[in-house]
Amino acid sequence: MDSQIANLPGISPTDLELLRKVEAGLPITADVSRADILLCTPLAKDKAIVAFHAIPNSISSLYRKDAGGRILNTEEQPLLMQALNSGSGGRRQREVLSNGAPVIQDVFPIHNQEGKVIGAMLVETNMIAHERQRRRNRHFRQAVVWMQEMCARGELESGAILPRFSLYDGVYMVDPTRTVVYMSGIAANLFRSIGITPEVREQRLAALEPCDREIVERVFATHACHTERVENDDGRIWVRSAIPLRMPTISWRNYWLALPWTPFAAHSAGDGGVDAVLVLLHNATEAVQKERELNVKSAIIQEVHHRVKNNLQNIAAILRIQARRVQSDEARQHLTDAVNRVLSMSVIHEFLSQDEHRPINVKDVCQRIASQVKQVSANPEQEITIQVQGSAVRLPASQATPLAMVVNELLLNAVEHGLKDRPHGMIRITLEDQGDAVLLQVEDDGSGLPPDFDLAHTAHSLGLQIVHTLVTDDLKGALRMESIMVTGESGPAVAGARAIVTFPKRSGRAS
């Protein structure tokens, strides 16, 4: 939900601050109201803009997408324009159908300190949800009205700290005498599950858990919202969010709904204090336990990747020792190539040991592999520069691993064949993120491809066989190799070789 408040033209800093306070309380108000809430500000006498759209977490939204930034007019929203122009709110039933049911619309004008209307809060409720709310306990209905009016006055700014309220969360309401005047069926079932049987009629707050009393008293004392997660000895984890409610002096909504002020009128703070506290109860036990199990599994997997990386590096070290002892140059070269292949795989496991869920930045992988190839394979008498350029492409491990092998083999091929017997050489690795696909180019400034080179017949080159298999089978892509030609005074001439790999991106879930 993107806020448009910062972009509103011609608004004073004081009014902007009030709108920000209103915006802060909108998400939790939308959840408890089970309604979409739009914060609108005027653009002209007959036009307004949706500065913020609070989408409810407790019910499906009436809108297919965020309405923030939408321009509204008098024909579409007559009650909204009436509130912006005259300062009077009201209710109407919208003719437009949404999800197969009419929409009940309540509009609250927003006044600044001088009494000027600077915006309006538009509460839209699906008719089915409205009927369900209408049949609920009158104390809860009154609490919803108070929340909406407090939000429109910017008095629920502290609600921004609260977690979202869902359809399966419980709720209860406490009056100034610390009596629980309302408890939802979900909240009652939660308390029954721990051996506390709520009374059918009003009961004292002291009958609940100590943490209930503590958070309610904190709200009465501070006049602000509070949230607390309590983990009990039995492994139960409940999150309580408490909201202060204040009884407005004048309420067109209460007149409209004929909601009595009792039992709060006799105990009203009357001085801007707290007249009631609404407590939202969320059982987070299962979610937290699953999160902890996933964290443990993730830590174990990362440790496995770390150990695999170490084992691969040990294997590479053994192969290096073996390469120093063999007499045949051909055997030594084969062992050196094997060292590079093992190390290219260890690079991926090193990245996975840091965070297995995060996509791997293959540009960093290419840098590491380039450094390893220079250290292991390059002739000490040669001066070879390897550049890595292009996009910082991020891929899942299922694609990063074969791509690392491809880069390794193409670098080895360029060093051993393209730049062979040359004192100087340049190899350039280029990555390009094409949205749904990735382009990889590895080019050198060497002698180019042999005149009779045919990629389809590479039986003589183990490295190119590996590259072709990885690109076509693992990456589901295509490989093309070509000589780089330049035109000079004496005509066209070979200036190196280029390998081009393209393959489609795969999502992390597909890995």
# chains A, B, ... in the order shown; residues from 1 in each chain; ligands from 1
$ select_by_dssp --residues "region 238-467 of chain A" --states "helix (DSSP H, G or I)" --output "number ranges by chain"
A: 252-257, 265-267, 285-325, 329-354, 362-376, 397-418, 462-467
$ residues_around --residues "Asp421 (chain A)" --least-positions-apart "4" --cutoff "9 Å" --atoms "only C-alpha atoms" --output "PyMOL selection string"
chain A and resi 382+416-417
$ closest_residue --among "A:Ile215, A:Val171, A:Ile500, A:Val180" --to "Gln203 (chain A)" --atoms "only C-alpha atoms"
A:Val180
$ closest_residue --among "A:Gln289, A:His282, A:Arg358, A:Arg320" --to "Gln302 (chain A)" --atoms "only C-alpha atoms"
A:Arg358
$ atom_distance --atom1 "CA of Ala437 (chain A)" --atom2 "CA of Val467 (chain A)"
18.1 Å
$ select_by_dssp --residues "region 42-115 of chain A" --states "strand (DSSP E or B)" --output "ChimeraX atom specification"
/A:42-44,47-54,71-73,90-98,101-111
$ closest_residue --among "A:Gly477, A:Pro248, A:Gly425, A:Pro42" --to "Val145 (chain A)" --atoms "only C-alpha atoms"
A:Pro248
$ decode --residues "region 129-168 of chain A" --atoms "N, CA and C atoms" --output "mmCIF file, in the first residue's frame"
data_model
loop_
_atom_site.group_PDB
_atom_site.id
_atom_site.type_symbol
_atom_site.label_atom_id
_atom_site.label_comp_id
_atom_site.auth_asym_id
_atom_site.auth_seq_id
_atom_site.Cartn_x
_atom_site.Cartn_y
_atom_site.Cartn_z
ATOM 1 N N ALA A 129 -20.481 -8.611 4.871
ATOM 2 C CA ALA A 129 -19.685 -8.341 6.073
ATOM 3 C C ALA A 129 -20.400 -7.338 6.974
ATOM 4 N N HIS A 130 -21.089 -6.372 6.358
ATOM 5 C CA HIS A 130 -21.830 -5.378 7.138
ATOM 6 C C HIS A 130 -22.930 -6.044 7.967
ATOM 7 N N GLU A 131 -23.658 -6.980 7.353
ATOM 8 C CA GLU A 131 -24.734 -7.665 8.069
ATOM 9 C C GLU A 131 -24.176 -8.513 9.206
ATOM 10 N N ARG A 132 -23.048 -9.141 8.961
ATOM 11 C CA ARG A 132 -22.431 -9.947 10.026
ATOM 12 C C ARG A 132 -21.991 -9.056 11.182
ATOM 13 N N GLN A 133 -21.394 -7.907 10.865
ATOM 14 C CA GLN A 133 -20.976 -6.978 11.917
ATOM 15 C C GLN A 133 -22.194 -6.447 12.677
ATOM 16 N N ARG A 134 -23.272 -6.186 11.941
ATOM 17 C CA ARG A 134 -24.468 -5.602 12.561
ATOM 18 C C ARG A 134 -25.087 -6.537 13.591
ATOM 19 N N ARG A 135 -24.889 -7.834 13.425
ATOM 20 C CA ARG A 135 -25.480 -8.808 14.326
ATOM 21 C C ARG A 135 -24.571 -9.132 15.513
ATOM 22 N N ARG A 136 -23.418 -8.535 15.565
ATOM 23 C CA ARG A 136 -22.493 -8.815 16.658
ATOM 24 C C ARG A 136 -22.887 -8.009 17.893
ATOM 25 N N ASN A 137 -22.222 -8.306 18.985
ATOM 26 C CA ASN A 137 -22.492 -7.654 20.260
ATOM 27 C C ASN A 137 -22.422 -6.132 20.122
ATOM 28 N N ARG A 138 -23.377 -5.432 20.769
ATOM 29 C CA ARG A 138 -23.450 -3.980 20.629
ATOM 30 C C ARG A 138 -22.200 -3.278 21.146
ATOM 31 N N HIS A 139 -21.545 -3.857 22.158
ATOM 32 C CA HIS A 139 -20.314 -3.233 22.658
ATOM 33 C C HIS A 139 -19.215 -3.276 21.599
ATOM 34 N N PHE A 140 -19.139 -4.388 20.882
ATOM 35 C CA PHE A 140 -18.129 -4.483 19.833
ATOM 36 C C PHE A 140 -18.454 -3.521 18.692
ATOM 37 N N ARG A 141 -19.726 -3.440 18.311
ATOM 38 C CA ARG A 141 -20.110 -2.503 17.253
ATOM 39 C C ARG A 141 -19.777 -1.070 17.654
ATOM 40 N N GLN A 142 -19.997 -0.766 18.923
ATOM 41 C CA GLN A 142 -19.681 0.573 19.412
ATOM 42 C C GLN A 142 -18.166 0.808 19.365
ATOM 43 N N ALA A 143 -17.399 -0.238 19.708
ATOM 44 C CA ALA A 143 -15.939 -0.119 19.658
ATOM 45 C C ALA A 143 -15.464 0.179 18.238
ATOM 46 N N VAL A 144 -16.069 -0.455 17.240
ATOM 47 C CA VAL A 144 -15.689 -0.221 15.849
ATOM 48 C C VAL A 144 -15.967 1.223 15.459
ATOM 49 N N VAL A 145 -17.133 1.740 15.861
ATOM 50 C CA VAL A 145 -17.474 3.139 15.570
ATOM 51 C C VAL A 145 -16.464 4.080 16.212
ATOM 52 N N TRP A 146 -16.150 3.833 17.482
ATOM 53 C CA TRP A 146 -15.189 4.689 18.174
ATOM 54 C C TRP A 146 -13.821 4.648 17.494
ATOM 55 N N MET A 147 -13.385 3.451 17.092
ATOM 56 C CA MET A 147 -12.092 3.338 16.414
ATOM 57 C C MET A 147 -12.067 4.155 15.136
ATOM 58 N N GLN A 148 -13.132 4.048 14.349
ATOM 59 C CA GLN A 148 -13.177 4.778 13.089
ATOM 60 C C GLN A 148 -13.141 6.280 13.318
ATOM 61 N N GLU A 149 -13.899 6.755 14.317
ATOM 62 C CA GLU A 149 -13.919 8.191 14.589
ATOM 63 C C GLU A 149 -12.592 8.672 15.171
ATOM 64 N N MET A 150 -11.982 7.854 16.036
ATOM 65 C CA MET A 150 -10.667 8.210 16.567
ATOM 66 C C MET A 150 -9.634 8.269 15.454
ATOM 67 N N CYS A 151 -9.696 7.307 14.543
ATOM 68 C CA CYS A 151 -8.754 7.285 13.429
ATOM 69 C C CYS A 151 -8.905 8.535 12.579
ATOM 70 N N ALA A 152 -10.157 8.942 12.313
ATOM 71 C CA ALA A 152 -10.402 10.140 11.507
ATOM 72 C C ALA A 152 -9.894 11.399 12.196
ATOM 73 N N ARG A 153 -9.798 11.370 13.530
ATOM 74 C CA ARG A 153 -9.265 12.524 14.274
ATOM 75 C C ARG A 153 -7.745 12.438 14.458
ATOM 76 N N GLY A 154 -7.126 11.373 13.963
ATOM 77 C CA GLY A 154 -5.674 11.221 14.104
ATOM 78 C C GLY A 154 -5.255 10.749 15.471
ATOM 79 N N GLU A 155 -6.181 10.102 16.220
ATOM 80 C CA GLU A 155 -5.886 9.688 17.589
ATOM 81 C C GLU A 155 -5.429 8.232 17.689
ATOM 82 N N LEU A 156 -5.263 7.558 16.556
ATOM 83 C CA LEU A 156 -4.775 6.176 16.582
ATOM 84 C C LEU A 156 -3.402 6.063 15.937
ATOM 85 N N GLU A 157 -2.622 7.122 16.086
ATOM 86 C CA GLU A 157 -1.280 7.122 15.496
ATOM 87 C C GLU A 157 -0.438 5.960 16.023
ATOM 88 N N SER A 158 -0.593 5.645 17.315
ATOM 89 C CA SER A 158 0.200 4.559 17.906
ATOM 90 C C SER A 158 -0.223 3.195 17.388
ATOM 91 N N GLY A 159 -1.348 3.120 16.650
ATOM 92 C CA GLY A 159 -1.783 1.851 16.076
ATOM 93 C C GLY A 159 -0.840 1.323 15.018
ATOM 94 N N ALA A 160 0.083 2.166 14.536
ATOM 95 C CA ALA A 160 1.033 1.730 13.516
ATOM 96 C C ALA A 160 1.961 0.632 14.022
ATOM 97 N N ILE A 161 2.128 0.520 15.351
ATOM 98 C CA ILE A 161 3.040 -0.496 15.901
ATOM 99 C C ILE A 161 2.385 -1.865 15.995
ATOM 100 N N LEU A 162 1.064 -1.928 15.818
ATOM 101 C CA LEU A 162 0.351 -3.171 16.051
ATOM 102 C C LEU A 162 0.466 -4.109 14.853
ATOM 103 N N PRO A 163 0.556 -5.421 15.106
ATOM 104 C CA PRO A 163 0.493 -6.386 14.000
ATOM 105 C C PRO A 163 -0.912 -6.422 13.422
ATOM 106 N N ARG A 164 -1.031 -6.903 12.195
ATOM 107 C CA ARG A 164 -2.333 -6.932 11.547
ATOM 108 C C ARG A 164 -3.265 -7.935 12.240
ATOM 109 N N PHE A 165 -4.550 -7.611 12.244
ATOM 110 C CA PHE A 165 -5.584 -8.425 12.880
ATOM 111 C C PHE A 165 -6.237 -9.281 11.803
ATOM 112 N N SER A 166 -6.280 -10.600 12.016
ATOM 113 C CA SER A 166 -6.789 -11.500 10.992
ATOM 114 C C SER A 166 -8.163 -12.053 11.373
ATOM 115 N N LEU A 167 -8.748 -12.774 10.433
ATOM 116 C CA LEU A 167 -10.078 -13.332 10.611
ATOM 117 C C LEU A 167 -10.125 -14.340 11.758
ATOM 118 N N TYR A 168 -8.994 -14.987 12.044
ATOM 119 C CA TYR A 168 -8.974 -16.060 13.046
ATOM 120 C C TYR A 168 -8.417 -15.601 14.396
#
